[in-house]
Each structure stands twice: as C-alpha cells, then as structure tokens.
Amino acid sequence: MGDDKNRRQLKGYEKMLERVTDLLEEAGEQARPRLRDALEKARKRAVELGELSSEEASRIREYIQRDIEDAAHYLSRDDTDDDLRGWFRMDLALIENWLLDRFTSVADRTRLELQALQQDLARSALWHTGEISGPGELRCTACGKVLRFTEAGHVPPCPACRGTDFQRLTREDEAAD
C-alpha cells in the first residue's frame, strides 16, 4: 500500500471518528443506540466528500467500531478505574488531545450499550495486519511482541515473527504478566 493511500486512510479514520463524536454529542441521551447510525453517517460523508472510497470507508467504519467497542468493554470491567489510561497503556500526553477527547467521549457512551450486550458476547477482539488501530499497544498472538501506537496507524506484520494477529494490551494485562 502506498504512503499516500496510507496517509489518506489514517486521515479518514481520524475524520470519521470526529464525525461520529459530533453526531453522538448531538444525540445526547439517545447516543447509546445510535453508534452504528453515527458510524454509517460518517462513512457516507467520507465517501460523498471523496475522502475515501466506499470500500475504504466501510473498512475504516469497522475499525473505528472495533476500537470504540473494545475501549468501552475495557471501561465496563470491574477491575478498571473508569479511565482509558489503562486501555491505551501509555502516557496520555503522547496522544493528541483531540483524538483522546473523541475516543473517550464515544467510548463512554458506548460502554452503556456494551454492558447490555456483554452477557451475550464472549469475544476476543483481534486486530489484523493491514487494519487501522487507534492508540495503544497490541501484542502479537504468535510470539508476544508488543507494538505501540501513539496515534491511529496501520497494523504492520509482527517485526519479530511476521505474525498478523494481535490483541490489545491494557494496564491489567501488564499486571497479570
């Protein structure tokens, strides 16, 4: 994938996340059931404006939804302190404030929706090479190598073993190690 295409997709991720946040802020108390609608509107807008192709926008919508749901899942755990620092697993000063604000806002709203779905879901979220991940750390499922993202970025193959599947690390994962 070319550098221009990568930059365009990363910018698309950030812009779509910004649009989802704006739409959910407009929704107020009714934000919980509207996450998927907000993601779809942000996807359509990115395509209408020519920022992304329809395929790219759909894929990025899925990446954003996965990251938001995983962050919300983390926030709903009993062993967390209602703070995304453990999910990002890094100093928040490294993360651009606007991205952190948007991510936190959407994740907090999504947490309530996820608590209702949590009983039905027994999932282990995976990130795959080529996908876009938000800030944080991902561990290779094959060899355990940790990749650190301080901003949205494409997930590369594992530099240690060329593995392509990763799981998000949290502060609690570090304590369990």
# chains A, B, ... in the order shown; residues from 1 in each chain; ligands from 1

call {"tool": "residues_around", "arguments": {"residues": "Gly50 in chain A", "least_positions_apart": "5", "cutoff": "12 Å", "atoms": "only C-alpha atoms", "output": "JSON, numbers by chain"}}
result
{"A": [8, 9, 12, 43, 44, 45, 56, 57]}

call {"tool": "write_last_selection", "arguments": {"atoms": "N, CA and C atoms", "output": "mmCIF file, in the first residue's frame"}}
result
data_model
loop_
_atom_site.group_PDB
_atom_site.id
_atom_site.type_symbol
_atom_site.label_atom_id
_atom_site.label_comp_id
_atom_site.auth_asym_id
_atom_site.auth_seq_id
_atom_site.Cartn_x
_atom_site.Cartn_y
_atom_site.Cartn_z
ATOM 1 N N ARG A 8 -3.948 8.871 3.609
ATOM 2 C CA ARG A 8 -5.350 9.202 3.331
ATOM 3 C C ARG A 8 -6.276 8.361 4.211
ATOM 4 N N GLN A 9 -5.989 7.083 4.373
ATOM 5 C CA GLN A 9 -6.830 6.222 5.204
ATOM 6 C C GLN A 9 -6.725 6.605 6.681
ATOM 7 N N GLY A 12 -8.672 9.598 7.083
ATOM 8 C CA GLY A 12 -10.084 9.195 7.033
ATOM 9 C C GLY A 12 -10.559 8.615 8.353
ATOM 10 N N ARG A 43 -19.364 7.311 7.564
ATOM 11 C CA ARG A 43 -18.868 6.568 6.404
ATOM 12 C C ARG A 43 -19.389 7.190 5.112
ATOM 13 N N LYS A 44 -20.703 7.427 5.063
ATOM 14 C CA LYS A 44 -21.311 8.005 3.862
ATOM 15 C C LYS A 44 -20.737 9.383 3.556
ATOM 16 N N ARG A 45 -20.520 10.179 4.586
ATOM 17 C CA ARG A 45 -19.989 11.536 4.390
ATOM 18 C C ARG A 45 -18.573 11.485 3.828
ATOM 19 N N GLU A 56 -12.990 1.568 1.321
ATOM 20 C CA GLU A 56 -12.111 2.052 2.389
ATOM 21 C C GLU A 56 -12.928 2.572 3.562
ATOM 22 N N ALA A 57 -13.969 3.359 3.278
ATOM 23 C CA ALA A 57 -14.792 3.930 4.339
ATOM 24 C C ALA A 57 -15.502 2.835 5.134
#

call {"tool": "residues_around", "arguments": {"residues": "Arg162 in chain A", "least_positions_apart": "4", "cutoff": "12 Å", "atoms": "only C-alpha atoms", "output": "number ranges by chain"}}
result
A: 128-129, 140-145, 155-158, 166

call {"tool": "write_last_selection", "arguments": {"atoms": "N, CA and C atoms", "output": "mmCIF file, in the first residue's frame"}}
result
data_model
loop_
_atom_site.group_PDB
_atom_site.id
_atom_site.type_symbol
_atom_site.label_atom_id
_atom_site.label_comp_id
_atom_site.auth_asym_id
_atom_site.auth_seq_id
_atom_site.Cartn_x
_atom_site.Cartn_y
_atom_site.Cartn_z
ATOM 1 N N HIS A 128 -5.758 -7.176 12.963
ATOM 2 C CA HIS A 128 -5.016 -7.904 11.938
ATOM 3 C C HIS A 128 -4.134 -6.959 11.130
ATOM 4 N N THR A 129 -3.027 -7.486 10.645
ATOM 5 C CA THR A 129 -2.134 -6.715 9.792
ATOM 6 C C THR A 129 -2.934 -6.077 8.658
ATOM 7 N N CYS A 140 1.406 -9.378 19.619
ATOM 8 C CA CYS A 140 1.327 -10.436 18.613
ATOM 9 C C CYS A 140 0.863 -11.720 19.294
ATOM 10 N N THR A 141 -0.156 -12.364 18.731
ATOM 11 C CA THR A 141 -0.669 -13.592 19.339
ATOM 12 C C THR A 141 0.271 -14.771 19.102
ATOM 13 N N ALA A 142 1.173 -14.637 18.125
ATOM 14 C CA ALA A 142 2.095 -15.732 17.828
ATOM 15 C C ALA A 142 3.341 -15.719 18.717
ATOM 16 N N CYS A 143 3.946 -14.534 18.906
ATOM 17 C CA CYS A 143 5.218 -14.514 19.636
ATOM 18 C C CYS A 143 5.228 -13.585 20.852
ATOM 19 N N GLY A 144 4.201 -12.753 21.024
ATOM 20 C CA GLY A 144 4.125 -11.882 22.192
ATOM 21 C C GLY A 144 4.771 -10.517 22.016
ATOM 22 N N LYS A 145 5.348 -10.239 20.860
ATOM 23 C CA LYS A 145 5.964 -8.925 20.600
ATOM 24 C C LYS A 145 4.894 -7.846 20.718
ATOM 25 N N VAL A 155 -1.769 -1.527 11.181
ATOM 26 C CA VAL A 155 -1.118 -2.597 11.924
ATOM 27 C C VAL A 155 -0.175 -3.325 10.955
ATOM 28 N N PRO A 156 1.130 -3.294 11.247
ATOM 29 C CA PRO A 156 2.076 -3.982 10.360
ATOM 30 C C PRO A 156 2.179 -5.458 10.746
ATOM 31 N N PRO A 157 2.823 -6.252 9.913
ATOM 32 C CA PRO A 157 3.142 -7.612 10.358
ATOM 33 C C PRO A 157 4.076 -7.508 11.565
ATOM 34 N N CYS A 158 4.061 -8.504 12.406
ATOM 35 C CA CYS A 158 4.931 -8.504 13.582
ATOM 36 C C CYS A 158 6.389 -8.417 13.126
ATOM 37 N N PHE A 166 -3.181 -9.745 16.394
ATOM 38 C CA PHE A 166 -2.752 -9.047 17.600
ATOM 39 C C PHE A 166 -3.936 -8.859 18.540
#

call {"tool": "closest_residue", "arguments": {"among": "A:Leu23, A:Leu35, A:Met16, A:Ile132", "to": "Val47 in chain A", "atoms": "only C-alpha atoms"}}
result
A:Met16

call {"tool": "closest_residue", "arguments": {"among": "A:Gln65, A:Arg36, A:Glu137, A:Arg168", "to": "Tyr13 in chain A", "atoms": "only C-alpha atoms"}}
result
A:Gln65

call {"tool": "closest_residue", "arguments": {"among": "A:Arg66, A:His154, A:Arg19, A:Arg7", "to": "Ala125 in chain A", "atoms": "only C-alpha atoms"}}
result
A:Arg66

call {"tool": "atom_distance", "arguments": {"atom1": "CA of Tyr63 in chain A", "atom2": "CA of Ala160 in chain A"}}
result
24.0 Å

call {"tool": "select_by_dssp", "arguments": {"residues": "range 10-64 of chain A", "states": "alpha helix (DSSP H)", "output": "PyMOL selection string"}}
result
chain A and resi 10-27+35-48+54-64

call {"tool": "write_last_selection", "arguments": {"atoms": "C-alpha atoms", "output": "compact mmCIF listing (two decimals), in the first residue's frame"}}
result
# COMPACT_ATOMS: atom_id res chain seq x y z
CA LEU A 10 -5.38 7.36 8.55
CA LYS A 11 -6.77 10.85 7.96
CA GLY A 12 -10.08 9.19 7.03
CA TYR A 13 -10.06 7.23 10.31
CA GLU A 14 -9.49 10.40 12.31
CA LYS A 15 -12.10 12.41 10.36
CA MET A 16 -14.73 9.66 10.60
CA LEU A 17 -14.09 9.34 14.35
CA GLU A 18 -14.54 13.12 14.66
CA ARG A 19 -17.85 12.94 12.77
CA VAL A 20 -19.10 10.04 14.92
CA THR A 21 -18.26 12.04 18.07
CA ASP A 22 -20.10 15.10 16.75
CA LEU A 23 -23.17 13.03 15.83
CA LEU A 24 -23.24 11.31 19.22
CA GLU A 25 -22.91 14.65 21.02
CA GLU A 26 -25.94 15.89 19.06
CA ALA A 27 -27.82 12.73 20.06
CA LEU A 35 -23.47 4.48 17.50
CA ARG A 36 -23.96 2.33 14.41
CA ASP A 37 -26.08 5.06 12.79
CA ALA A 38 -23.39 7.64 13.54
CA LEU A 39 -20.70 5.37 12.10
CA GLU A 40 -22.76 4.85 8.94
CA LYS A 41 -23.37 8.58 8.52
CA ALA A 42 -19.66 9.28 8.97
CA ARG A 43 -18.87 6.57 6.40
CA LYS A 44 -21.31 8.01 3.86
CA ARG A 45 -19.99 11.54 4.39
CA ALA A 46 -16.38 10.43 3.82
CA VAL A 47 -17.47 8.83 0.53
CA GLU A 48 -19.62 11.82 -0.52
CA SER A 54 -16.76 3.23 -0.40
CA GLU A 55 -14.71 0.11 0.38
CA GLU A 56 -12.11 2.05 2.39
CA ALA A 57 -14.79 3.93 4.34
CA SER A 58 -16.63 0.68 5.17
CA ARG A 59 -13.44 -0.95 6.38
CA ILE A 60 -12.47 2.10 8.46
CA ARG A 61 -16.00 2.21 9.94
CA GLU A 62 -15.41 -1.37 11.13
CA TYR A 63 -12.01 -0.43 12.58
CA ILE A 64 -13.46 2.53 14.49
